[in-house]
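Okay, so here's the structure we're looking at.
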Amino acid sequence: MNYKVAVVIPTLNEEKFIARCLDSVISQSYPFNDMDVMVVDGGSKDRTKDIVEEYKRKYQNIRFLNNPGRIQSIAFNIGVKSSDAPYIVRLDAHALYNKDYIEKCIKGLKTDSERGNVGGRCIILPFNDSLWAKTNAILNYSRFGIGGSAFRVGMKPDYVDSVPFGAFPRYVFEKVGGMREDLPRAEDNEYNSRIRKAGYKVYFDPEIVSSYYARPTLRTSCKQMYANGESIGHLFYVDRESIGLRHLVPLLFVTGIICGVLLSFVWLPFFFALLAGLCLYFACDLLASVMAAKEHGWKYLLQLFIMFFCVHISYGWGTIVGMFTGRRLKK
C-alpha cells in the first residue's frame, strides 16, 4: 500500500485509552485509508494488544508492532522505519485528537518546506471526576504551575521550540536521524532542538487541537513531574540548548531551599533569607491558586495551593537527580 501518512502511537498498558485514541484517528477528516496506523507497544501486561487486535480485524491499515526497548523514542523509530509514507505523525495513546488534527498537520507541513515539525494546542482534561484529577487539569493551564508552554496557553500561530504529538516530513527524519533511544523522556525536546539546528522550523498552530488526560491523583502528578524533571537533568549532558528557562525554575527553587537550610546552620541571617524566600513563594502560590479557583471554582483552592508546591518540588528534585544520573549520556 502506498500510504501517505505514517501514524505512530507508542503504548504501554493503555487499555483504558487506546480504543478512544484509535477511534479519534479513524474519524479524522484526512482519508483514513491513506494512513499507515502503527501501535508500537512496549510489552503491555493489560488488554492493550487484545484491543488493538480487534481493530486490526476490522481495519487492514492498523498494525500492532512490538517495541522490545519499551520507551517512546524507540517506539517512534520503529514506526518510522516500518513505513515509507512521506509524512509521519507521532500521537500519544493517552490523548484524543480533533477531527481535522492530521489534515491540518499535513497542510501545515506542505505550506512551508522549511517546517520540520508542526503541532498544536493541547487541552488538558481530568482523568476522572475526582477533585484531585480536576485540580491537576486546572494546574496545567497555569503559567505559575507548569511554565506556560505555547501548546498549553498559546493562542497565536508562531514558531516555537517544541510542540506535542508532532508531524514530520520524512526527509527531516532522513536528515537528522531518529529520536535518541537512551532518553526515556524529553526525547521530543532534544529531537526538536536537533530539527532546528538542521535549519528547519517547529511550527505551532492553535487550530490543531488535541486533548490529553491529566494524572488523577496528587501522588501520580508528583511522580510524573519528578520524571519530567529528571529528564531535564539528563538533557544537560545531551543538548543544553533544548532546555528553556522555564525548565530550570523548579531546579533553582529546590536548590535555593536546600542551600538555605544548610547555610542556616552556619550563619543565622541565611535562615531569615530562606524564610523570606519561602514567604514570597507561598504568596505567589496563594495568588495563583486564588486566580485559578476564581475561574474554575473555589472548591479547588486548597488543592491547587498544595499541588503547585508539590509539583514544583517534585520537578526540581527530579532535575537534581537527573543531573547526577545523566552523566553517562553522550552528546
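Residues are referred to by chain and number: the chain letter is A, B, ... according to the order shown in the C-alpha cells, the number counts from 1 in that chain, and ligands are numbered separately from 1 in the order shown.
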Might you pull out every residue within 9 Å of Phe165 in chain A, with only C-alpha atoms counted and same-chain residues fewer than 3 positions away left off, and present them as a ChimeraX atom specification?
/A:89-92,118-120,188,210
Print the selection's residues with C-alpha atoms to a file, as a compact mmCIF listing (two decimals), in the first residue's frame.
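Writing done, so here's again-v6.txt:
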```txt
# COMPACT_ATOMS: atom_id res chain seq x y z
CA VAL A 89 2.56 11.86 12.73
CA ARG A 90 3.52 10.86 16.25
CA LEU A 91 0.47 10.50 18.52
CA ASP A 92 0.04 9.65 22.17
CA VAL A 118 4.06 21.01 13.03
CA GLY A 119 1.81 20.65 16.06
CA GLY A 120 -0.83 22.47 18.02
CA ASP A 188 10.88 15.35 21.89
CA SER A 210 -5.66 17.52 20.91
```
List every residue of range 9-248 of chain A that DSSP, applied to the backbone, labels as helix (DSSP H, G or I), and write the result as a ChimeraX atom specification.
/A:18-26,32-34,48-58,72-81,101-111,131-139,143-146,150-153,170-176,187-197,218-235,240-242,245-248
Ranking A:Thr11, A:Ser242, A:Asn77, A:Ser130 by minimum distance to Thr217 in chain A and counting only C-alpha atoms, which one comes first?
A:Ser130
In terms of the shortest atom-to-atom distance over only C-alpha atoms, which of A:Gly79, A:Gly108, A:Gly145, A:Gly199 is closest to Arg246 in chain A?
A:Gly145
Leaving out Lys156 in chain A and any residue of its chain fewer than 5 positions from it, which residues lie within 12 Å of it when counting only C-alpha atoms, given as a list in words?
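Non-adjacent residues within range: Gly120, Arg121, Ala150, Phe151, Tyr203, Phe204, Asp205, Pro206, Glu207 and Ile208 of chain A.
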Got time to write the residues from that selection, N, CA, C and O atoms, as a compact mmCIF listing (two decimals), in the first residue's frame?
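Saved the output as out.txt:
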```txt
# COMPACT_ATOMS: atom_id res chain seq x y z
N GLY A 120 0.13 21.47 17.58
CA GLY A 120 -0.83 22.47 18.02
C GLY A 120 -1.08 22.50 19.50
O GLY A 120 -0.23 22.11 20.31
N ARG A 121 -2.27 22.93 19.81
CA ARG A 121 -2.68 23.18 21.20
C ARG A 121 -3.14 21.88 21.86
O ARG A 121 -3.81 21.06 21.25
N ALA A 150 3.75 27.20 24.93
CA ALA A 150 2.82 27.69 23.90
C ALA A 150 1.70 26.70 23.65
O ALA A 150 0.54 27.08 23.46
N PHE A 151 2.02 25.41 23.66
CA PHE A 151 0.99 24.43 23.33
C PHE A 151 -0.05 24.28 24.44
O PHE A 151 -1.08 23.65 24.24
N TYR A 203 6.68 24.58 14.08
CA TYR A 203 5.55 25.50 13.92
C TYR A 203 4.38 25.10 14.82
O TYR A 203 3.97 23.94 14.84
N PHE A 204 3.87 26.10 15.53
CA PHE A 204 2.71 25.91 16.41
C PHE A 204 1.48 26.55 15.78
O PHE A 204 1.49 27.73 15.44
N ASP A 205 0.42 25.75 15.63
CA ASP A 205 -0.84 26.24 15.09
C ASP A 205 -1.93 25.94 16.12
O ASP A 205 -2.27 24.78 16.35
N PRO A 206 -2.52 26.97 16.76
CA PRO A 206 -3.52 26.73 17.81
C PRO A 206 -4.81 26.09 17.30
O PRO A 206 -5.61 25.61 18.11
N GLU A 207 -5.00 26.06 15.97
CA GLU A 207 -6.19 25.41 15.43
C GLU A 207 -6.03 23.89 15.33
O GLU A 207 -6.99 23.18 15.05
N ILE A 208 -4.81 23.41 15.53
CA ILE A 208 -4.56 21.97 15.62
C ILE A 208 -4.72 21.58 17.08
O ILE A 208 -3.91 21.98 17.92
```
Two-atom distance - CA of Asp50 in chain A, CA of His94 in chain A (Å)
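Separating CA of Asp50 in chain A from CA of His94 in chain A is a distance of 17.1 Å.
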Residue with smallest distance to Ser29 in chain A - pool A:Lys104, A:Lys223, A:Lys4, A:Arg70, counting only C-alpha atoms:
A:Lys104
